[in-house]
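Listing of target_15.cif; format and content: mmCIF, C-alpha atoms.
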data_final
#
loop_
_atom_site.group_PDB
_atom_site.id
_atom_site.type_symbol
_atom_site.label_atom_id
_atom_site.label_comp_id
_atom_site.auth_asym_id
_atom_site.auth_seq_id
_atom_site.Cartn_x
_atom_site.Cartn_y
_atom_site.Cartn_z
ATOM 1 C CA MET A 1 83.004 101.558 75.382
ATOM 2 C CA GLU A 2 86.058 103.440 74.139
ATOM 3 C CA SER A 3 84.036 106.581 73.471
ATOM 4 C CA VAL A 4 82.507 106.403 76.968
ATOM 5 C CA ALA A 5 85.969 106.114 78.501
ATOM 6 C CA GLN A 6 87.145 109.127 76.518
ATOM 7 C CA GLU A 7 84.068 111.100 77.576
ATOM 8 C CA ILE A 8 84.735 110.281 81.238
ATOM 9 C CA ALA A 9 88.412 111.183 80.822
ATOM 10 C CA ALA A 10 87.513 114.548 79.259
ATOM 11 C CA ALA A 11 85.077 115.355 82.081
ATOM 12 C CA ALA A 12 87.641 114.276 84.676
ATOM 13 C CA ALA A 13 90.311 116.426 83.013
ATOM 14 C CA ARG A 14 88.166 119.523 83.368
ATOM 15 C CA LEU A 15 87.704 118.783 87.084
ATOM 16 C CA VAL A 16 91.433 118.190 87.532
ATOM 17 C CA VAL A 17 92.409 121.475 85.909
ATOM 18 C CA GLU A 18 89.566 123.735 87.053
ATOM 19 C CA GLU A 19 89.018 122.393 90.579
ATOM 20 C CA GLY A 20 92.375 120.831 91.427
ATOM 21 C CA LEU A 21 90.957 117.353 92.039
ATOM 22 C CA GLU A 22 93.228 114.342 92.077
ATOM 23 C CA TRP A 23 92.643 111.896 89.245
ATOM 24 C CA GLY A 24 90.819 109.217 91.237
ATOM 25 C CA PRO A 25 88.211 111.570 92.743
ATOM 26 C CA ALA A 26 87.930 113.402 89.411
ATOM 27 C CA LYS A 27 87.073 110.196 87.567
ATOM 28 C CA ARG A 28 84.441 109.267 90.141
ATOM 29 C CA ARG A 29 82.931 112.772 90.072
ATOM 30 C CA ALA A 30 82.895 112.653 86.276
ATOM 31 C CA LEU A 31 80.547 109.668 86.434
ATOM 32 C CA LYS A 32 78.044 111.782 88.364
ATOM 33 C CA VAL A 33 78.504 114.777 86.077
ATOM 34 C CA LEU A 34 77.781 112.586 83.056
ATOM 35 C CA GLY A 35 74.901 110.762 84.734
ATOM 36 C CA LEU A 36 76.631 107.399 84.555
ATOM 37 C CA GLY A 37 76.229 104.629 87.102
ATOM 38 C CA PRO A 38 78.826 104.111 89.844
ATOM 39 C CA ARG A 39 79.782 100.725 88.380
ATOM 40 C CA THR A 40 80.759 102.216 85.018
ATOM 41 C CA ALA A 41 84.326 101.265 84.135
ATOM 42 C CA LEU A 42 86.720 104.131 84.773
ATOM 43 C CA PRO A 43 89.301 105.166 82.171
ATOM 44 C CA ALA A 44 92.966 104.370 82.724
ATOM 45 C CA ASN A 45 95.160 107.115 84.139
ATOM 46 C CA ASP A 46 97.055 107.391 80.841
ATOM 47 C CA LEU A 47 93.814 108.346 79.089
ATOM 48 C CA VAL A 48 93.048 110.945 81.768
ATOM 49 C CA GLU A 49 96.579 112.346 81.497
ATOM 50 C CA ASP A 50 96.173 112.766 77.741
ATOM 51 C CA ALA A 51 92.850 114.549 78.308
ATOM 52 C CA VAL A 52 94.405 116.822 80.951
ATOM 53 C CA ARG A 53 97.240 117.785 78.614
ATOM 54 C CA GLU A 54 94.751 118.495 75.819
ATOM 55 C CA TYR A 55 92.585 120.622 78.138
ATOM 56 C CA ILE A 56 95.627 122.613 79.276
ATOM 57 C CA ASP A 57 96.771 123.147 75.683
ATOM 58 C CA ILE A 58 93.337 124.496 74.712
ATOM 59 C CA PHE A 59 92.319 126.525 77.759
ATOM 60 C CA CYS A 60 95.434 127.235 79.865
ATOM 61 C CA ALA A 61 98.352 127.506 77.463
ATOM 62 C CA ASP A 62 99.023 131.123 78.430
ATOM 63 C CA THR A 63 99.111 130.581 82.198
ATOM 64 C CA GLN A 64 100.000 126.961 82.972
ATOM 65 C CA PRO A 65 103.741 126.979 82.122
ATOM 66 C CA ALA A 66 104.467 129.770 84.620
ATOM 67 C CA GLU A 67 102.292 128.134 87.279
ATOM 68 C CA LEU A 68 104.060 124.804 86.771
ATOM 69 C CA ALA A 69 107.457 126.517 87.008
ATOM 70 C CA ALA A 70 106.459 128.179 90.292
ATOM 71 C CA LEU A 71 105.316 124.861 91.749
ATOM 72 C CA ARG A 72 108.517 123.146 90.651
ATOM 73 C CA ARG A 73 110.577 125.877 92.313
ATOM 74 C CA LEU A 74 108.542 125.419 95.494
ATOM 75 C CA ALA A 75 109.111 121.664 95.314
ATOM 76 C CA ALA A 76 112.852 122.225 94.890
ATOM 77 C CA VAL A 77 112.940 124.367 98.045
ATOM 78 C CA TRP A 78 111.326 121.602 100.078
ATOM 79 C CA MET A 79 113.528 118.943 98.518
ATOM 80 C CA GLU A 80 116.578 120.952 99.572
ATOM 81 C CA ARG A 81 115.201 121.280 103.104
ATOM 82 C CA LEU A 82 114.559 117.552 103.335
ATOM 83 C CA ALA A 83 117.614 116.357 101.391
ATOM 84 C CA GLU A 84 118.625 113.882 104.115
ATOM 85 C CA PHE A 85 115.472 111.866 103.361
ATOM 86 C CA ARG A 86 116.220 111.398 99.641
ATOM 87 C CA PRO A 87 113.115 113.235 98.401
ATOM 88 C CA HIS A 88 111.654 112.392 95.005
ATOM 89 C CA LEU A 89 108.993 114.502 93.294
ATOM 90 C CA ALA A 90 105.962 112.716 91.817
ATOM 91 C CA GLY A 91 102.493 113.589 90.588
ATOM 92 C CA ALA A 92 101.361 116.433 88.337
ATOM 93 C CA VAL A 93 104.229 118.759 89.278
ATOM 94 C CA TRP A 94 106.737 116.122 88.174
ATOM 95 C CA HIS A 95 104.840 115.097 85.018
ATOM 96 C CA GLY A 96 104.199 118.674 83.924
ATOM 97 C CA THR A 97 100.387 118.761 84.119
ATOM 98 C CA ALA A 98 100.159 120.886 87.285
ATOM 99 C CA THR A 99 98.373 124.219 87.580
ATOM 100 C CA ARG A 100 98.110 126.666 90.492
ATOM 101 C CA LEU A 101 95.428 124.403 92.016
ATOM 102 C CA SER A 102 97.732 121.372 92.140
ATOM 103 C CA ASP A 103 99.462 120.092 95.255
ATOM 104 C CA VAL A 104 103.098 119.007 95.511
ATOM 105 C CA TYR A 105 103.816 115.338 96.273
ATOM 106 C CA LEU A 106 107.235 114.389 97.621
ATOM 107 C CA GLN A 107 108.152 110.814 98.409
ATOM 108 C CA LEU A 108 110.756 110.481 101.142
ATOM 109 C CA PHE A 109 112.873 107.372 101.684
ATOM 110 C CA CYS A 110 113.855 107.046 105.336
ATOM 111 C CA ASP A 111 115.866 104.682 107.507
ATOM 112 C CA ASP A 112 113.506 105.542 110.370
ATOM 113 C CA PRO A 113 109.879 106.253 109.356
ATOM 114 C CA LYS A 114 109.490 108.747 112.212
ATOM 115 C CA SER A 115 112.651 110.735 111.425
ATOM 116 C CA ALA A 116 110.983 113.068 108.919
ATOM 117 C CA GLU A 117 108.182 113.808 111.367
ATOM 118 C CA ILE A 118 110.707 114.623 114.086
ATOM 119 C CA THR A 119 112.591 116.913 111.677
ATOM 120 C CA LEU A 120 109.425 118.879 110.896
ATOM 121 C CA ILE A 121 108.680 119.240 114.605
ATOM 122 C CA ASP A 122 112.259 120.419 115.272
ATOM 123 C CA LYS A 123 111.926 123.007 112.492
ATOM 124 C CA GLY A 124 108.607 124.233 113.880
ATOM 125 C CA VAL A 125 106.689 123.196 110.755
ATOM 126 C CA ALA A 126 102.998 122.487 111.330
ATOM 127 C CA PHE A 127 101.720 119.386 109.563
ATOM 128 C CA GLU A 128 98.799 116.984 109.450
ATOM 129 C CA ALA A 129 99.569 113.271 109.643
ATOM 130 C CA ARG A 130 97.480 110.634 107.899
ATOM 131 C CA SER A 131 97.819 107.328 106.066
ATOM 132 C CA VAL A 132 97.610 106.914 102.276
ATOM 133 C CA ASN A 133 98.490 104.224 99.756
ATOM 134 C CA GLY A 134 102.097 104.422 98.609
ATOM 135 C CA PHE A 135 103.344 103.770 95.084
ATOM 136 C CA LEU A 136 103.723 100.063 95.920
ATOM 137 C CA GLY A 137 100.070 99.894 96.969
ATOM 138 C CA GLU A 138 100.718 99.556 100.705
ATOM 139 C CA PRO A 139 99.654 102.105 103.355
ATOM 140 C CA VAL A 140 102.318 104.689 104.170
ATOM 141 C CA ASP A 141 102.415 107.689 106.480
ATOM 142 C CA ALA A 142 101.808 111.068 104.857
ATOM 143 C CA LEU A 143 102.681 114.422 106.402
ATOM 144 C CA SER A 144 100.786 117.321 104.827
ATOM 145 C CA VAL A 145 102.149 120.862 105.057
ATOM 146 C CA SER A 146 100.622 124.144 103.901
ATOM 147 C CA ALA A 147 103.428 126.081 102.188
ATOM 148 C CA ARG A 148 103.190 129.667 101.018
ATOM 149 C CA CYS A 149 104.103 130.129 97.352
ATOM 150 C CA ALA A 150 104.952 133.798 96.905
ATOM 151 C CA GLU A 151 105.009 133.532 93.116
ATOM 152 C CA LEU A 152 101.418 132.326 92.989
ATOM 153 C CA GLY A 153 100.273 134.401 95.956
ATOM 154 C CA GLU A 154 98.658 131.476 97.754
ATOM 155 C CA SER A 155 99.306 128.492 99.974
ATOM 156 C CA ILE A 156 100.055 125.139 98.361
ATOM 157 C CA GLY A 157 99.657 121.696 99.882
ATOM 158 C CA VAL A 158 102.976 119.873 100.135
ATOM 159 C CA HIS A 159 102.469 116.194 100.946
ATOM 160 C CA LEU A 160 105.380 114.107 102.223
ATOM 161 C CA LEU A 161 104.844 110.383 101.713
ATOM 162 C CA ILE A 162 107.131 108.334 103.959
ATOM 163 C CA HIS A 163 108.620 105.189 102.414
ATOM 164 C CA ASP A 164 111.214 102.728 103.679
ATOM 165 C CA LEU A 165 114.728 103.249 102.373
ATOM 166 C CA GLY A 166 114.597 99.841 100.659
ATOM 167 C CA ASP A 167 111.693 101.008 98.486
ATOM 168 C CA LEU A 168 114.033 103.398 96.687
ATOM 169 C CA ARG A 169 115.391 100.546 94.559
ATOM 170 C CA GLY A 170 112.132 100.208 92.647
ATOM 171 C CA ALA A 171 111.124 103.861 92.751
ATOM 172 C CA LEU A 172 112.588 104.768 89.363
ATOM 173 C CA ARG A 173 111.289 101.768 87.431
ATOM 174 C CA PRO A 174 109.751 103.198 84.227
ATOM 175 C CA ASP A 175 105.975 103.497 84.006
ATOM 176 C CA ALA A 176 103.787 102.049 81.246
ATOM 177 C CA ARG A 177 104.981 104.786 78.881
ATOM 178 C CA GLY A 178 108.652 104.236 79.635
ATOM 179 C CA ARG A 179 109.017 107.392 81.749
ATOM 180 C CA PRO A 180 110.450 107.677 85.273
ATOM 181 C CA PRO A 181 107.411 108.050 87.555
ATOM 182 C CA ARG A 182 109.308 110.350 89.933
ATOM 183 C CA GLY A 183 112.621 112.168 90.159
ATOM 184 C CA ASP A 184 115.156 113.451 92.676
ATOM 185 C CA LEU A 185 116.296 117.068 92.973
ATOM 186 C CA ALA A 186 118.886 116.722 90.213
ATOM 187 C CA ALA A 187 116.270 115.310 87.840
ATOM 188 C CA LEU A 188 113.840 118.097 88.746
ATOM 189 C CA ARG A 189 116.466 120.762 88.092
ATOM 190 C CA ALA A 190 117.171 119.162 84.719
ATOM 191 C CA LEU A 191 113.472 119.448 83.826
ATOM 192 C CA MET A 192 113.427 123.088 84.910
ATOM 193 C CA THR A 193 116.499 123.843 82.799
ATOM 194 C CA MET A 194 114.934 122.144 79.779
ATOM 195 C CA ASP A 195 111.804 124.291 80.137
ATOM 196 C CA LEU A 196 113.910 127.449 80.329
ATOM 197 C CA GLU A 197 115.957 126.513 77.291
ATOM 198 C CA ALA A 198 112.790 125.633 75.363
ATOM 199 C CA GLY A 199 111.373 129.060 76.218
ATOM 200 C CA HIS A 200 108.336 127.634 78.026
ATOM 201 C CA VAL A 201 108.967 129.891 81.032
ATOM 202 C CA GLN A 202 110.878 133.071 81.714
ATOM 203 C CA ARG A 203 113.927 133.262 83.946
#

As structure tokens, what does this structure read like?
Amino acid sequence: MESVAQEIAAAAARLVVEEGLEWGPAKRRALKVLGLGPRTALPANDLVEDAVREYIDIFCADTQPAELAALRRLAAVWMERLAEFRPHLAGAVWHGTATRLSDVYLQLFCDDPKSAEITLIDKGVAFEARSVNGFLGEPVDALSVSARCAELGESIGVHLLIHDLGDLRGALRPDARGRPPRGDLAALRALMTMDLEAGHVQR
């Protein structure tokens, strides 16, 4: 069973990196790619993350650091624009597994759930509204924006997930590996500085 899980994780990792799929859809597509039944147990996200990092190290080591840096700079711009809503970056851009095909996920913590939507309208920013599951498992509003990333020469999806202000208390509780699952602008800038100092990206 462990080898099957690893095989699914490896197939999902390729789909994540090469096609920009999110982990859930990638795992389900991997079952089809491998000819496995839909009831086959899916690997845990930690196993998929390890496979994604391994795939990047093998096939994308020369391009991924710069792409990640560009996406983090784009995220920082939007976090500055939306500072009043206490934005926190999550997902692949936060964890360092993003490539040019990855989207940016920002979680906003608002007193009024409609305030962020009103702000986008006031700024003339086009967005698509939908409902997704938040990090606590409950449905939350999501506002999706298409943002031009000049460094990558393409448009990137920036998804704003709207949470209640009270949810911020549990937002930084460490994940299963003891890491913060998301970070505010200061934490993001610290990551970017660490990458620069480590020589992973150029200034």

Inset, instruction - Quote the spacing between atom CA of Asp46 of chain A and atom CA of Val93 of chain A in Å to one decimal place. - result: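 Atom-to-atom, atom CA of Asp46 of chain A and atom CA of Val93 of chain A are spaced 15.9 Å apart.
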
Inset, instruction - Tell me, as a PyMOL selection string, which residues lie within 9 Å of segment 20-26 of chain A, counting all atoms listed in the file; anything in the same chain fewer than 6 positions away does not count. - result: chain A and resi 9+11-14+45+48-49+98-103

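The space separating atom CA of Pro181 of chain A from atom CA of Gly96 of chain A comes to 11.7 Å.
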
Counting all atoms listed in the file, which residues sit no farther than 12 Å from the position (109.2, 117.3, 111.7) in the file's frame? I'd like them as a compact mmCIF listing (two decimals) with C-alpha atoms, in the coordinates of the input.
# COMPACT_ATOMS: atom_id res chain seq x y z
CA ARG A 81 115.20 121.28 103.10
CA LEU A 82 114.56 117.55 103.34
CA PHE A 85 115.47 111.87 103.36
CA PRO A 113 109.88 106.25 109.36
CA LYS A 114 109.49 108.75 112.21
CA SER A 115 112.65 110.74 111.42
CA ALA A 116 110.98 113.07 108.92
CA GLU A 117 108.18 113.81 111.37
CA ILE A 118 110.71 114.62 114.09
CA THR A 119 112.59 116.91 111.68
CA LEU A 120 109.42 118.88 110.90
CA ILE A 121 108.68 119.24 114.60
CA ASP A 122 112.26 120.42 115.27
CA LYS A 123 111.93 123.01 112.49
CA GLY A 124 108.61 124.23 113.88
CA VAL A 125 106.69 123.20 110.76
CA ALA A 126 103.00 122.49 111.33
CA PHE A 127 101.72 119.39 109.56
CA GLU A 128 98.80 116.98 109.45
CA ALA A 129 99.57 113.27 109.64
CA ALA A 142 101.81 111.07 104.86
CA LEU A 143 102.68 114.42 106.40
CA SER A 144 100.79 117.32 104.83
CA VAL A 145 102.15 120.86 105.06
CA LEU A 160 105.38 114.11 102.22

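The smallest atom-to-atom distance between Thr193 of chain A and any of A:Leu36, A:Ala69, A:Leu165, A:Met79, using only C-alpha atoms, is found for A:Ala69.
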
Inset, instruction - Rounded to one decimal place, report the atom CA of Gln107 of chain A-atom CA of Leu161 of chain A distance in Å. - result: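 Between atom CA of Gln107 of chain A and atom CA of Leu161 of chain A the gap is 4.7 Å.
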
Inset, instruction - Excluding Gly170 of chain A and any residue of its chain fewer than 2 positions from it, enumerate the residues within 12 Å of it, using only C-alpha atoms, and give them as a PyMOL selection string. - result: chain A and resi 109+135-136+163-168+172-175+180-182

Inset, instruction - Show me as a VMD selection string the residues that reach within 12 Å of (106.8, 116.9, 88.2), counting only C-alpha atoms and using the file's own coordinates. - result: chain A and resid 68 to 76 88 to 99 102 to 107 179 to 185 187 to 192
